[in-house]
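J.: My structure is below; once you've seen it, I'll send some questions.
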Amino acid sequence: MNTDFTQGLNPMQKAAVLHTEGPLLLIAGAGSGKTRVLTHRMAHIAGHLARPYEMLAITFTNRAAKEMKERIHRLKPYDAHDMWVATFHSCCVRILRREIHHIGYDNSFVIYDMDDAAKLLKGVLKEMNVNERQFPPKSILSAIGRQKDELVGPEDFAAMSAGNYRDEIMAEIYKNYQKQLYGNNALDFDDIILKTLELFMRHPIVLDKYARRFRYIMVDEYQDTNTAQYQLVRLLASVHGNICVVGDDDQSIYGWRGANIRNILDFEKDFYGAAVIKLEQNYRSTGNILEAANGVIAYNQGRKAKKLWTRAQPGESLNFFKAESDYREADYIVEKISQGLADGAKHKDFAVLYRINSLSRVIEEKLVERNMRYRIYGGIRFYERREVKDTLAYLRAIHNPHDDISIKRIINVPKRGIGGVAVDFFEKIAAEHDIKFYDVLKNAEMYSQNTARNRKIANFIELLEDFRARAAELPLEELVKEVLTKSGYHSSIVAEDEADGTDRAANLSELINKAAGYEADDLDENEGQTSALAAFLEDVALVADIDDHSENDDTVALMTLHSSKGLEFPTVFLPAFEEGIFPTYRAVTSGEPAEIEEERRLCYVGITRAKQRVYISMAGRRRHNGQTISNAPSRFLQEIPQELVESQAVPITPPPPPRPAFKRTERAAQNIDFNQAAMQPNFGKKWDLSKIKKM
DNA sequence: CTCCTTTGTCTTTTT
DNA sequence: GACAAAGGAG
């Protein structure tokens, strides 16, 4: 059996694999073979130093976790099944499923997504008689989320906000929101991390169990961790101290979600005696692409010193094209893909990476027109579709009767004649008597003389209780089918609208297919799962669309720059390089250099996704928010060394030197006449103008 | 109670 | 231009 896992690695990579004891910071630039090092390192440890179940690897997405598991498996010296390779969230859920009763929740807790959380919050606001205008649910929710990221609980927040009228109200909202989550036996996304921490702090014995168990811990994408996650890692590593974090400060793009870039910048201070290894050789991109990326990111201040290099040839120039309109821009992209396909490329060799989801629309339109296989990742996710959420609400209500949000979602879907008036009535009673909403419904006749209404409620309760009984005996797939038919939901969807109804029905079939993968027999006891239904609901709550990205389906990929992190493609399109879009309007107007820097890192991520070709483009006018707008070229375009870019417009003034003061960048950005580029677009040799449709 | 129309907000990114 | 919330008619 092979026990040398350093074969074929460069000296730095080798060092990273072999340095197993104590804290280690691995600065891994884009395309530097990071995943390779991580997987080899895990194999090495498992082969020589520890049992698989003594190892924990934390990734950011389920996709990354899955890929890592597969690659370790391929290295194959043992059964990787017992190894914990998981996202922060799924790792914490696993722990909480077994242990959350220590802090007063029931182990069958549900996980609320943003939609559920928003509904809950609206209920809180209504109850408190707070104006939704003054306290918009969405922004409150993210404010609460940020508090949670920073480990500020409702009481802490109340203490901090004394004297500030608005914050005092916020504190009250936060408190009630948390109380209601608890009442529903539900956790929101941030709670998953926060409650795990709370568990560990209040019950050191529980912490000790896990901290002892995990002798080797690895954290990927460390630059994107927030304060709560950092504390969690610190606690888990407190016994053995073998903590390896991997990251790239230049790819930190989740500041808005509470990611604390200080976590990576200060690692050496936080973990005394930490070793630092830098991986700077890039194996992914051509020389030109790498140089372009380096050129852009050099404008950021406060980075860890690092410069990616490659042995690869310079390759082709980057391309820039200014189209007249967003439609023309899409034409350009699709035409380039079409040329590539004619030259023998596969669909999956192409990716279109944009700043905002709404940009996918026009491009999708053109891809459909040309009959090209494509897939949009993110945006409206499968599990966020109305019909899917409705069905899941049934399943959740069956699983957990106290999940008020789900009960309310389906109580009148399909129409049962139980409207808002009835719901408000019983909800008020529940609040007054401090009983669960569901229990009030169950005993409706105790509280209400309205017999017609009580009858309808009783029917609904009976339906649910019946499902609940059936849940115990039926395979999950059958249960879902039965729920859809007996509730009348399926027929109501079909009846709703011709075209739309078929679409939605198809999604329901898809959901049934997904459910079919869950059987009572192959439950993972390790994960504390008690039923196929529970396992299904849990997985569904934590999957993102990007997790489905597979090398196997041959489609052009459309996704946001954020979603693209960790992926690579031979050809990458970066549309809408425009001030106001990329960088985003908010970043431009906020006057916060930090916001522009995060946008710039996003640009860096985008360029470094490409192996061979990069096509940057913009539109002279585009429709955005229902309006036609014209944007100036993105400042990031200016920051790419101009000799690397092929476009008709040659800069009149030389580009500004790297690392200038912030203002200077802005001024320089206006010196170049990109309108000239629009006059004489560079179509390349194979471009046939006649193929562009008139609009 | 439901259906239909009108009005206002929204678009940054997601586990 | 999409979608949710609110208001009015039946």
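Chain lettering (A, B, ...) mirrors the order of the structure tokens, residue numbering begins at 1 for each chain separately, and ligand numbering begins at 1 in order of display.
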With a cut-off of 12 Å and counting only C-alpha atoms (C1' of nucleotides), select all residues of chain C in contact with chain A and give the selection as number ranges by chain.
T.: C: 1-2, 5
J.: Write out as a list in words the set of residues from stretch 186-226 of chain A that DSSP, computed on the backbone, places in strand (DSSP E or B).
T.: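 Of stretch 186-226 of chain A, the ones in strand (DSSP E or B) are Ala186, Leu187, Asp188, Tyr216, Ile217, Met218, Val219 and Asn226 of chain A.
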J.: Could you write those residues out with N, CA and C atoms, as an mmCIF file, in the first residue's frame?
T.:
```cif
data_model
loop_
_atom_site.group_PDB
_atom_site.id
_atom_site.type_symbol
_atom_site.label_atom_id
_atom_site.label_comp_id
_atom_site.auth_asym_id
_atom_site.auth_seq_id
_atom_site.Cartn_x
_atom_site.Cartn_y
_atom_site.Cartn_z
ATOM 1 N N ALA A 186 -36.734 26.074 16.616
ATOM 2 C CA ALA A 186 -36.090 26.323 15.331
ATOM 3 C C ALA A 186 -34.792 27.109 15.519
ATOM 4 N N LEU A 187 -33.868 26.903 14.600
ATOM 5 C CA LEU A 187 -32.632 27.677 14.559
ATOM 6 C C LEU A 187 -32.535 28.350 13.198
ATOM 7 N N ASP A 188 -32.069 29.587 13.179
ATOM 8 C CA ASP A 188 -31.752 30.169 11.880
ATOM 9 C C ASP A 188 -30.289 29.835 11.556
ATOM 10 N N TYR A 216 -6.738 16.254 14.770
ATOM 11 C CA TYR A 216 -6.255 17.075 13.649
ATOM 12 C C TYR A 216 -7.430 17.790 13.007
ATOM 13 N N ILE A 217 -7.300 19.108 12.942
ATOM 14 C CA ILE A 217 -8.389 19.914 12.391
ATOM 15 C C ILE A 217 -7.868 20.764 11.241
ATOM 16 N N MET A 218 -8.663 20.811 10.182
ATOM 17 C CA MET A 218 -8.305 21.663 9.052
ATOM 18 C C MET A 218 -9.486 22.550 8.684
ATOM 19 N N VAL A 219 -9.198 23.801 8.362
ATOM 20 C CA VAL A 219 -10.258 24.718 7.956
ATOM 21 C C VAL A 219 -9.888 25.341 6.623
ATOM 22 N N ASN A 226 -16.115 34.036 10.119
ATOM 23 C CA ASN A 226 -16.469 35.172 10.956
ATOM 24 C C ASN A 226 -16.013 34.907 12.389
#
```
J.: Which residues are close to B:DC3, i.e. within 10 Å by only C-alpha atoms (C1' of nucleotides), leaving aside same-chain residues fewer than 2 positions away? Reply as a PyMOL selection string.
T.: (chain B and resi 1+5) or (chain C and resi 9-10)
J.: Could you give me, as a list in words, the residues within 10 Å of stretch 429-440 of chain A, counting only C-alpha atoms (C1' of nucleotides) and dropping anything in the same chain fewer than 3 positions from it?
T.: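 Near stretch 429-440 of chain A, the qualifying residues are Glu127, Gly183, Asn184, Ala397, Pro401, His402, Asp403, Asp404, Ile405, Ile407, Lys408, Val423, Asp424, Phe425, Phe426, Asn443, Ala444, Glu445, Met446, Tyr447, Ser448 and Ile461 of chain A.
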J.: Between atom CA of A:Glu268 and atom CA of A:Cys92, measure the distance and give it in Å to one decimal.
T.: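 Atom-to-atom, atom CA of A:Glu268 and atom CA of A:Cys92 are spaced 25.5 Å apart.
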J.: Skipping near chain neighbours, those fewer than 3 positions away, what residues fall within 10 Å of stretch 12-15 of chain B using only C-alpha atoms (C1' of nucleotides), listed as a count of residues only?
T.: 34
